[in-house]
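Let me begin by presenting the structure, written as structure tokens, before commenting on it.
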Amino acid sequence: MTTINSTDEAEEALALEVRADQLPLNIIENNTSIDGPASNIVNQLLAHSSTLLVGPRGCGKTHLMRFAWAKSINDVNQPFAIYLSFNRYLRLEPLLRSKSNALDLFHGWILCLCFLGLHEAIEELLARPNPRAEDDLWIEYPKEDLQIIASRLERGGALPHELQATFDSMSLAKLKHAIERIATALHRSRSVILMDDAALTLAPEYLPDFFDLFRALKASNISPKASVYPGTTEYGPRFHVAHEAEEIQAWISVENGQYPELMESIGTKRMSNYMLVPSEIRELLKYVAFGIPRSYLLLLHEFLQTTDQGTQQSRVNTIIDKFIKNKEAEYLSLIQKVPKFSTLIKTGRNLFNTMCTALVEENGVLIPTGEKQFYVGVQESSTRNPYVERMFSLLVEAGLLFGVASSVSHGKERVYERFIPHLAALIRDRAFSEGKGFSAIKVVNNIRLPNTKHPLRRSVSTLLSTSIIDNLKLDMPPCQNCNTPRISDSAKHCHNCGAKLTDPSAFASCMKIELASIPDLTTWQKSKLSSEFSDVKTVGDFMALRDPGTELRRIHRVGKVRATRINQSIEAFVDEFLS
């Protein structure tokens, strides 16, 4: 008989704990480190300007946004803040293929989420002692109606007749008027709208409409803020970033002078058993995490879970190797989400490995001299075509490359864009080790050596062969009517039969994934789902259940708590996949 052990329970608890969107707001308030650069980001999120918060998954965008929201609730001198998340946007992707008014439905969905965020902001404010407010905190649309509308749209269903009129009546003007009226009632001079998970990269058809609304929300007393991905978020033809919003980086560089102290503060506040990890291992794992707080917490947890599994050296080596393999697997999973980028993603992995190999060799020469090399400078030249640029941006989005904002020049025609490959890969490949032994302290000391003056300079054609660069392409599917291959990436209709060409659906791909392959589920849960939940095999089957909690409780030894955990793990996987 399969049993649940303490490790299973710990994995379940951690899976829910490290995701900021699943933490209660009071935990965010009391366990968030805003030392140094993080404090500057929070202040900018509450400032009087339109802002784009840029960074890859796991770097803390959600955490910082929700902390800024909590700060505004507790301080009457701050603006009135509304927080909402678009992490379910891709659930509306099928509407693009089934509804002629898909963009109108998407626009209404955004307004619906904004009004829901307004409801939640008021509830949080009124839950605090002695809120400064008048009686003018009403919202035209009941929260329950808005929840039903959002849920129906996300499931692709038709709206109930009695709610269609509500949906049709919502407008941007009404939303802005409600925000201004409520802010006045709360004695706040202005408002900010924190729009999380706004990097709608897997449904680019929606992006221009979203950023049109983002721009239209701006007013003298309303400042929209949106979290986006580096490089891959496309803003559409009518939104010009330099003029419309200020970009701030959420991903803190390992080269930032305050980086070690920031990660130390995060570990101290988020883990009660943090000090059980030896100090030299904590310091090493800070750099393995590569600026991603979620990764740091997971690495620390993994170390504490392997106390009886070999020497400290073997444990650390195993953890680092497993971690970077998981990062690479996460990157390759983009092929499932966006099949048309398959060639770019696979070639990008080879590019990443080549950059790492070059840095390992370079550091082997430099470290004995008292210097190190983090940077690969890639020359901006004619070989960096749009396919090459997209390949780099996908590596940055996945967190495998850290792109430095400023380029460096070496002569009039030699400009280099600098990248830092993921330090976990460099540490695994012994870029900062001397000799055959293992010393966490020595590795950390070598990582902290001063950088050599110039980056390791390369061109794309020296990192990849010319033939590989020439063969970069988008992997567009053939005609769904006659199966004829496309003659160009931009073709709208089949040149053979004339049928309209469509892209594969990331949403449909997600729905086909088997439940037993979801990584956040424990071994025991996967076993139970396979053996006693066999009629529900895929994510799509599960999402179609009318009452998944009740169905899960039919499984032997799955009660309300475990059913909730399984349901949350599956929902979190879908949200992560479709974000």
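Ligands are numbered from 1 in the order shown, chains are lettered A, B, ... in the order of the structure tokens, and residues start at 1 in each chain.
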
Close residues, segment 287-290 of chain A itself excluded, 8 Å, only C-alpha atoms, min 3 positions apart in chain, as an MDAnalysis selection string: chainID A and resid 253:254 283:284 293 295:296 299 320 422:424 427

Secondary structure check, strand (DSSP E or B) residues of segment 177-388 of chain A, as a list in words: Ser191, Val192, Ile193, Leu194, Met195, Asp196, Ala219, Ile222, Ser223, Pro224, Lys225, Ala226, Ser227, Val228, Glu246, Glu247, Ile248, Gln249, Lys372, Val376, Gly377, Val378 and Gln379 of chain A

Option closest in space to Ile41 of chain A, from A:Lys436, A:Lys225, A:Lys512, A:Arg57 [counting only C-alpha atoms]: A:Lys225

Distance query segment 27-38 of chain A at most 10 Å, only C-alpha atoms, self and fewer than 5 positions along chain excluded, as a CSV table (one decimal) with all heavy atoms, in the first residue's frame:
chain,number,residue,atom,x,y,z
A,17,GLU,N,3.9,27.5,-0.7
A,17,GLU,CA,4.5,28.6,0.0
A,17,GLU,C,5.3,29.6,-0.8
A,17,GLU,O,5.4,30.8,-0.6
A,17,GLU,CB,5.3,28.1,1.2
A,17,GLU,CG,5.9,29.1,2.1
A,17,GLU,CD,6.7,28.4,3.2
A,17,GLU,OE1,6.0,27.6,4.0
A,17,GLU,OE2,7.9,28.6,3.3
A,20,ALA,N,4.1,33.6,-4.6
A,20,ALA,CA,3.6,34.8,-4.0
A,20,ALA,C,2.1,35.0,-4.2
A,20,ALA,O,1.4,35.6,-3.4
A,20,ALA,CB,4.4,36.1,-4.4
A,21,ASP,N,1.6,34.6,-5.3
A,21,ASP,CA,0.2,34.8,-5.6
A,21,ASP,C,-0.7,33.9,-4.8
A,21,ASP,O,-1.9,34.0,-4.8
A,21,ASP,CB,-0.1,34.6,-7.1
A,21,ASP,CG,0.4,33.2,-7.6
A,21,ASP,OD1,1.1,32.5,-6.9
A,21,ASP,OD2,0.1,32.9,-8.8
A,22,GLN,N,-0.1,32.9,-4.1
A,22,GLN,CA,-0.9,32.0,-3.2
A,22,GLN,C,-0.7,32.3,-1.7
A,22,GLN,O,-1.2,31.6,-0.9
A,22,GLN,CB,-0.6,30.5,-3.5
A,22,GLN,CG,-1.0,30.2,-5.0
A,22,GLN,CD,-0.7,28.7,-5.3
A,22,GLN,OE1,-0.1,28.0,-4.5
A,22,GLN,NE2,-1.0,28.3,-6.5
A,43,ASN,N,8.9,51.5,-4.1
A,43,ASN,CA,8.6,53.0,-4.1
A,43,ASN,C,8.2,53.4,-5.5
A,43,ASN,O,7.3,54.3,-5.7
A,43,ASN,CB,9.9,53.8,-3.7
A,43,ASN,CG,10.1,53.6,-2.2
A,43,ASN,OD1,9.2,53.3,-1.4
A,43,ASN,ND2,11.4,53.8,-1.8
A,44,GLN,N,8.9,52.8,-6.6
A,44,GLN,CA,8.5,53.2,-7.9
A,44,GLN,C,7.1,52.7,-8.3
A,44,GLN,O,6.4,53.3,-9.1
A,44,GLN,CB,9.6,52.7,-8.9
A,44,GLN,CG,10.9,53.4,-8.9
A,44,GLN,CD,12.0,52.9,-9.8
A,44,GLN,OE1,12.5,51.8,-9.5
A,44,GLN,NE2,12.3,53.6,-10.8
A,60,GLY,N,10.3,37.7,-8.5
A,60,GLY,CA,9.7,38.5,-7.5
A,60,GLY,C,8.8,39.6,-7.9
A,60,GLY,O,8.4,40.4,-7.1
A,63,HIS,N,5.5,39.3,-5.9
A,63,HIS,CA,5.8,39.6,-4.5
A,63,HIS,C,5.9,41.1,-4.3
A,63,HIS,O,5.3,41.6,-3.3
A,63,HIS,CB,7.1,38.8,-4.1
A,63,HIS,CG,7.0,38.3,-2.7
A,63,HIS,ND1,7.0,37.0,-2.4
A,63,HIS,CD2,7.0,39.0,-1.5
A,63,HIS,CE1,7.0,36.8,-1.1
A,63,HIS,NE2,6.9,38.0,-0.5
A,64,LEU,N,6.7,41.7,-5.1
A,64,LEU,CA,6.9,43.2,-5.0
A,64,LEU,C,5.6,43.9,-5.2
A,64,LEU,O,5.3,44.9,-4.5
A,64,LEU,CB,8.0,43.6,-5.9
A,64,LEU,CG,9.4,43.1,-5.6
A,64,LEU,CD1,10.3,43.4,-6.7
A,64,LEU,CD2,9.9,43.8,-4.3
A,66,ARG,N,2.5,42.8,-4.7
A,66,ARG,CA,1.6,42.6,-3.6
A,66,ARG,C,2.0,43.3,-2.4
A,66,ARG,O,1.2,43.8,-1.5
A,66,ARG,CB,1.3,41.1,-3.4
A,66,ARG,CG,0.7,40.4,-4.6
A,66,ARG,CD,0.2,39.0,-4.2
A,66,ARG,NE,-1.0,39.1,-3.4
A,66,ARG,CZ,-1.3,38.2,-2.5
A,66,ARG,NH1,-0.6,37.1,-2.4
A,66,ARG,NH2,-2.4,38.3,-1.7
A,67,PHE,N,3.4,43.4,-2.2
A,67,PHE,CA,3.9,44.1,-1.0
A,67,PHE,C,3.6,45.6,-1.2
A,67,PHE,O,3.2,46.3,-0.2
A,67,PHE,CB,5.4,43.9,-0.9
A,67,PHE,CG,6.0,44.6,0.3
A,67,PHE,CD1,5.9,44.0,1.6
A,67,PHE,CD2,6.5,45.9,0.3
A,67,PHE,CE1,6.4,44.6,2.7
A,67,PHE,CE2,7.0,46.5,1.4
A,67,PHE,CZ,6.9,45.9,2.6
A,68,ALA,N,3.7,46.2,-2.4
A,68,ALA,CA,3.4,47.6,-2.6
A,68,ALA,C,1.9,47.8,-2.3
A,68,ALA,O,1.5,48.8,-1.8
A,68,ALA,CB,3.7,47.9,-4.1
A,69,TRP,N,1.1,46.8,-2.7
A,69,TRP,CA,-0.4,46.9,-2.4
A,69,TRP,C,-0.6,47.0,-0.9
A,69,TRP,O,-1.4,47.8,-0.4
A,69,TRP,CB,-1.1,45.8,-3.1
A,69,TRP,CG,-2.6,45.7,-2.8
A,69,TRP,CD1,-3.4,46.8,-2.8
A,69,TRP,CD2,-3.4,44.5,-2.7
A,69,TRP,NE1,-4.7,46.3,-2.6
A,69,TRP,CE2,-4.7,45.0,-2.5
A,69,TRP,CE3,-3.1,43.2,-2.6
A,69,TRP,CZ2,-5.8,44.1,-2.3
A,69,TRP,CZ3,-4.2,42.3,-2.5
A,69,TRP,CH2,-5.5,42.7,-2.3
A,70,ALA,N,0.0,46.1,-0.2
A,70,ALA,CA,-0.1,46.0,1.3
A,70,ALA,C,0.4,47.3,1.9
A,70,ALA,O,-0.2,47.8,2.9
A,70,ALA,CB,0.6,44.8,1.9
A,71,LYS,N,1.5,47.8,1.4
A,71,LYS,CA,2.0,49.1,1.9
A,71,LYS,C,1.0,50.2,1.8
A,71,LYS,O,0.9,51.1,2.7
A,71,LYS,CB,3.3,49.4,1.2
A,71,LYS,CG,4.0,50.7,1.8
A,71,LYS,CD,5.4,50.9,1.1
A,71,LYS,CE,6.0,52.2,1.6
A,71,LYS,NZ,7.4,52.4,1.0
A,74,ASN,N,-1.8,50.1,4.4
A,74,ASN,CA,-1.5,50.5,5.8
A,74,ASN,C,-1.0,51.9,6.0
A,74,ASN,O,-0.9,52.4,7.1
A,74,ASN,CB,-0.3,49.5,6.3
A,74,ASN,CG,-0.8,48.1,6.4
A,74,ASN,OD1,-1.9,47.8,6.8
A,74,ASN,ND2,0.1,47.2,6.0
A,249,GLN,N,13.6,47.3,-13.6
A,249,GLN,CA,14.0,45.9,-13.5
A,249,GLN,C,13.7,45.2,-12.2
A,249,GLN,O,14.1,45.7,-11.1
A,249,GLN,CB,15.5,45.7,-13.9
A,249,GLN,CG,15.9,46.2,-15.2
A,249,GLN,CD,15.3,45.3,-16.3
A,249,GLN,OE1,15.2,44.1,-16.2
A,249,GLN,NE2,15.0,45.9,-17.5
A,250,ALA,N,13.0,44.1,-12.2
A,250,ALA,CA,12.7,43.4,-11.0
A,250,ALA,C,13.7,42.3,-10.7
A,250,ALA,O,13.9,41.9,-9.6
A,250,ALA,CB,11.3,42.7,-11.1
A,251,TRP,N,14.5,41.9,-11.7
A,251,TRP,CA,15.5,40.9,-11.6
A,251,TRP,C,16.8,41.5,-11.1
A,251,TRP,O,17.4,42.3,-11.8
A,251,TRP,CB,15.7,40.2,-13.0
A,251,TRP,CG,16.5,39.0,-12.9
A,251,TRP,CD1,17.0,38.3,-11.8
A,251,TRP,CD2,16.9,38.2,-14.1
A,251,TRP,NE1,17.7,37.2,-12.2
A,251,TRP,CE2,17.6,37.1,-13.6
A,251,TRP,CE3,16.7,38.3,-15.4
A,251,TRP,CZ2,18.2,36.1,-14.4
A,251,TRP,CZ3,17.2,37.3,-16.3
A,251,TRP,CH2,17.9,36.2,-15.8
A,252,ILE,N,17.2,41.3,-9.9
A,252,ILE,CA,18.4,41.9,-9.3
A,252,ILE,C,19.6,41.1,-9.8
A,252,ILE,O,19.7,39.9,-9.6
A,252,ILE,CB,18.3,41.8,-7.8
A,252,ILE,CG1,16.9,42.5,-7.3
A,252,ILE,CG2,19.5,42.6,-7.2
A,252,ILE,CD1,16.7,43.9,-7.7
A,256,ASN,N,25.0,43.1,-8.3
A,256,ASN,CA,24.6,44.3,-7.5
A,256,ASN,C,25.3,44.2,-6.1
A,256,ASN,O,25.3,43.1,-5.5
A,256,ASN,CB,23.1,44.2,-7.3
A,256,ASN,CG,22.6,45.4,-6.6
A,256,ASN,OD1,22.9,45.7,-5.4
A,256,ASN,ND2,21.8,46.2,-7.3
A,257,GLY,N,25.9,45.2,-5.6
A,257,GLY,CA,26.6,45.2,-4.4
A,257,GLY,C,25.8,44.8,-3.2
A,257,GLY,O,26.4,44.3,-2.2
A,258,GLN,N,24.5,44.9,-3.3
A,258,GLN,CA,23.6,44.6,-2.1
A,258,GLN,C,22.9,43.2,-2.3
A,258,GLN,O,22.1,42.8,-1.5
A,258,GLN,CB,22.5,45.7,-2.0
A,258,GLN,CG,23.1,47.0,-1.6
A,258,GLN,CD,22.0,48.1,-1.6
A,258,GLN,OE1,21.3,48.3,-2.7
A,258,GLN,NE2,21.8,48.8,-0.5
A,259,TYR,N,23.3,42.5,-3.4
A,259,TYR,CA,22.7,41.2,-3.7
A,259,TYR,C,22.8,40.2,-2.5
A,259,TYR,O,21.8,39.6,-2.1
A,259,TYR,CB,23.3,40.7,-5.0
A,259,TYR,CG,22.8,39.3,-5.3
A,259,TYR,CD1,21.5,39.1,-5.8
A,259,TYR,CD2,23.6,38.1,-5.1
A,259,TYR,CE1,21.0,37.8,-6.2
A,259,TYR,CE2,23.1,36.9,-5.4
A,259,TYR,CZ,21.8,36.7,-5.9
A,259,TYR,OH,21.3,35.5,-6.2
A,261,GLU,N,23.2,40.5,0.7
A,261,GLU,CA,22.4,40.9,1.9
A,261,GLU,C,20.9,40.8,1.6
A,261,GLU,O,20.1,40.4,2.5
A,261,GLU,CB,22.7,42.4,2.2
A,261,GLU,CG,24.1,42.6,2.8
A,261,GLU,CD,25.2,42.5,1.8
A,261,GLU,OE1,24.9,42.7,0.6
A,261,GLU,OE2,26.4,42.4,2.2
A,262,LEU,N,20.5,41.1,0.3
A,262,LEU,CA,19.1,40.9,0.0
A,262,LEU,C,18.7,39.5,0.1
A,262,LEU,O,17.6,39.2,0.6
A,262,LEU,CB,18.8,41.5,-1.4
A,262,LEU,CG,17.4,41.3,-2.0
A,262,LEU,CD1,16.4,42.0,-1.1
A,262,LEU,CD2,17.3,41.8,-3.4
A,263,MET,N,19.5,38.6,-0.5
A,263,MET,CA,19.1,37.2,-0.5
A,263,MET,C,19.1,36.6,1.0
A,263,MET,O,18.3,35.8,1.3
A,263,MET,CB,20.1,36.4,-1.4
A,263,MET,CG,20.0,36.8,-2.8
A,263,MET,SD,18.4,36.6,-3.6
A,263,MET,CE,18.4,34.8,-4.0
A,264,GLU,N,20.1,37.1,1.8
A,264,GLU,CA,20.1,36.7,3.2
A,264,GLU,C,18.9,37.1,3.9
A,264,GLU,O,18.3,36.3,4.7
A,264,GLU,CB,21.3,37.4,3.9
A,264,GLU,CG,21.6,37.0,5.3
A,264,GLU,CD,22.2,35.6,5.5
A,264,GLU,OE1,22.6,35.0,4.4
A,264,GLU,OE2,22.2,35.1,6.6
A,265,SER,N,18.4,38.3,3.6
A,265,SER,CA,17.2,38.8,4.3
A,265,SER,C,16.0,38.0,3.8
A,265,SER,O,15.1,37.6,4.6
A,265,SER,CB,17.0,40.3,3.9
A,265,SER,OG,15.8,40.8,4.5
A,266,ILE,N,15.9,37.6,2.6
A,266,ILE,CA,14.8,36.8,2.0
A,266,ILE,C,14.8,35.4,2.7
A,266,ILE,O,13.7,34.9,3.2
A,266,ILE,CB,14.9,36.6,0.5
A,266,ILE,CG1,14.6,37.9,-0.2
A,266,ILE,CG2,14.0,35.5,0.0
A,266,ILE,CD1,14.9,37.9,-1.7
A,267,GLY,N,16.0,34.8,2.8
A,267,GLY,CA,16.0,33.5,3.5
A,267,GLY,C,15.6,33.6,5.0
A,267,GLY,O,14.9,32.7,5.5
A,268,THR,N,16.1,34.6,5.6
A,268,THR,CA,15.8,34.7,7.1
A,268,THR,C,14.3,34.9,7.3
A,268,THR,O,13.8,34.3,8.3
A,268,THR,CB,16.6,35.9,7.7
A,268,THR,OG1,18.0,35.8,7.4
A,268,THR,CG2,16.3,36.1,9.1
A,269,LYS,N,13.7,35.7,6.5
A,269,LYS,CA,12.3,36.0,6.7
A,269,LYS,C,11.3,34.9,6.2
A,269,LYS,O,10.2,34.8,6.8
A,269,LYS,CB,11.9,37.3,6.0
A,269,LYS,CG,12.5,38.6,6.7
A,269,LYS,CD,12.0,39.8,6.0
A,269,LYS,CE,12.6,41.1,6.8
A,269,LYS,NZ,12.1,42.3,6.2
A,270,ARG,N,11.8,34.1,5.2
A,270,ARG,CA,10.8,33.2,4.6
A,270,ARG,C,11.0,31.7,5.2
A,270,ARG,O,10.2,30.9,5.0
A,270,ARG,CB,11.0,33.1,3.1
A,270,ARG,CG,10.6,34.4,2.4
A,270,ARG,CD,9.1,34.6,2.5
A,270,ARG,NE,8.4,33.5,1.9
A,270,ARG,CZ,8.2,33.4,0.6
A,270,ARG,NH1,8.6,34.3,-0.3
A,270,ARG,NH2,7.5,32.4,0.1
A,271,MET,N,12.2,31.5,5.9
A,271,MET,CA,12.4,30.1,6.3
A,271,MET,C,12.8,30.1,7.8
A,271,MET,O,13.8,30.7,8.2
A,271,MET,CB,13.5,29.4,5.6
A,271,MET,CG,13.2,29.1,4.1
A,271,MET,SD,14.5,28.2,3.2
A,271,MET,CE,14.4,26.6,4.1

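Each of A:Pro208, A:Gly559, A:Pro339, A:Pro455 was checked against Lys473 of chain A using only C-alpha atoms; the smallest atom-to-atom distance is that of A:Pro339.
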
Residue list (helix (DSSP H, G or I), DSSP) for segment 172-369 of chain A, as a ChimeraX atom specification: /A:172-185,207-217,241-244,259-270,274-276,279-288,293-304,312-332,334-337,339-369

Close residues, segment 86-89 of chain A itself excluded, 8 Å, only C-alpha atoms, min 5 positions apart in chain, as a PyMOL selection string: chain A and resi 154+195-198+200+575-576+578-579

Spatial neighbours of Phe432 of chain A, max dist 10 Å, only C-alpha atoms, sep filter under 3 positions, as a ChimeraX atom specification: /A:359-360,363-364,366-367,372-373,423,426-429,442-449

Distance criterion (only C-alpha atoms): nearest to Phe323 of chain A out of A:Leu285, A:Gln305, A:Ile468, A:Ile335: A:Leu285

Two-atom distance - atom CA of Thr62 of chain A, atom CA of Ser227 of chain A (Å):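 Atom CA of Ser227 of chain A lies at a distance of 8.0 Å from atom CA of Thr62 of chain A.
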
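For the residues A:Val54, A:Val536, A:Leu172, A:Cys59, ranking by smallest atom-to-atom distance to Ala226 of chain A using only C-alpha atoms places A:Val54 first.
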
Arg190 of chain A environment, 9 Å, only C-alpha atoms, sequence neighbours closer than 3 positions dropped, as a PyMOL selection string: chain A and resi 48+78-81+180+183-184+220-223

Non-local contacts of Met543 of chain A (10 Å; only C-alpha atoms; under 5 positions in same chain excluded) as a ChimeraX atom specification: /A:155,511,536,538,548,567,570-571,574

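Interatomic distance, atom CA of Lys218 of chain A against atom CA of Leu53 of chain A: 16.3 Å.
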
Residue nearest Leu186 of chain A among A:Leu46, A:Leu545, A:Ile122, A:Val365 (counting only C-alpha atoms): A:Ile122

A:Ser569, A:Asn451, A:Ser39, A:Thr466 ranked by distance to Glu371 of chain A, top pick (using only C-alpha atoms):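 So, comparing all the options, the nearest one is A:Asn451.
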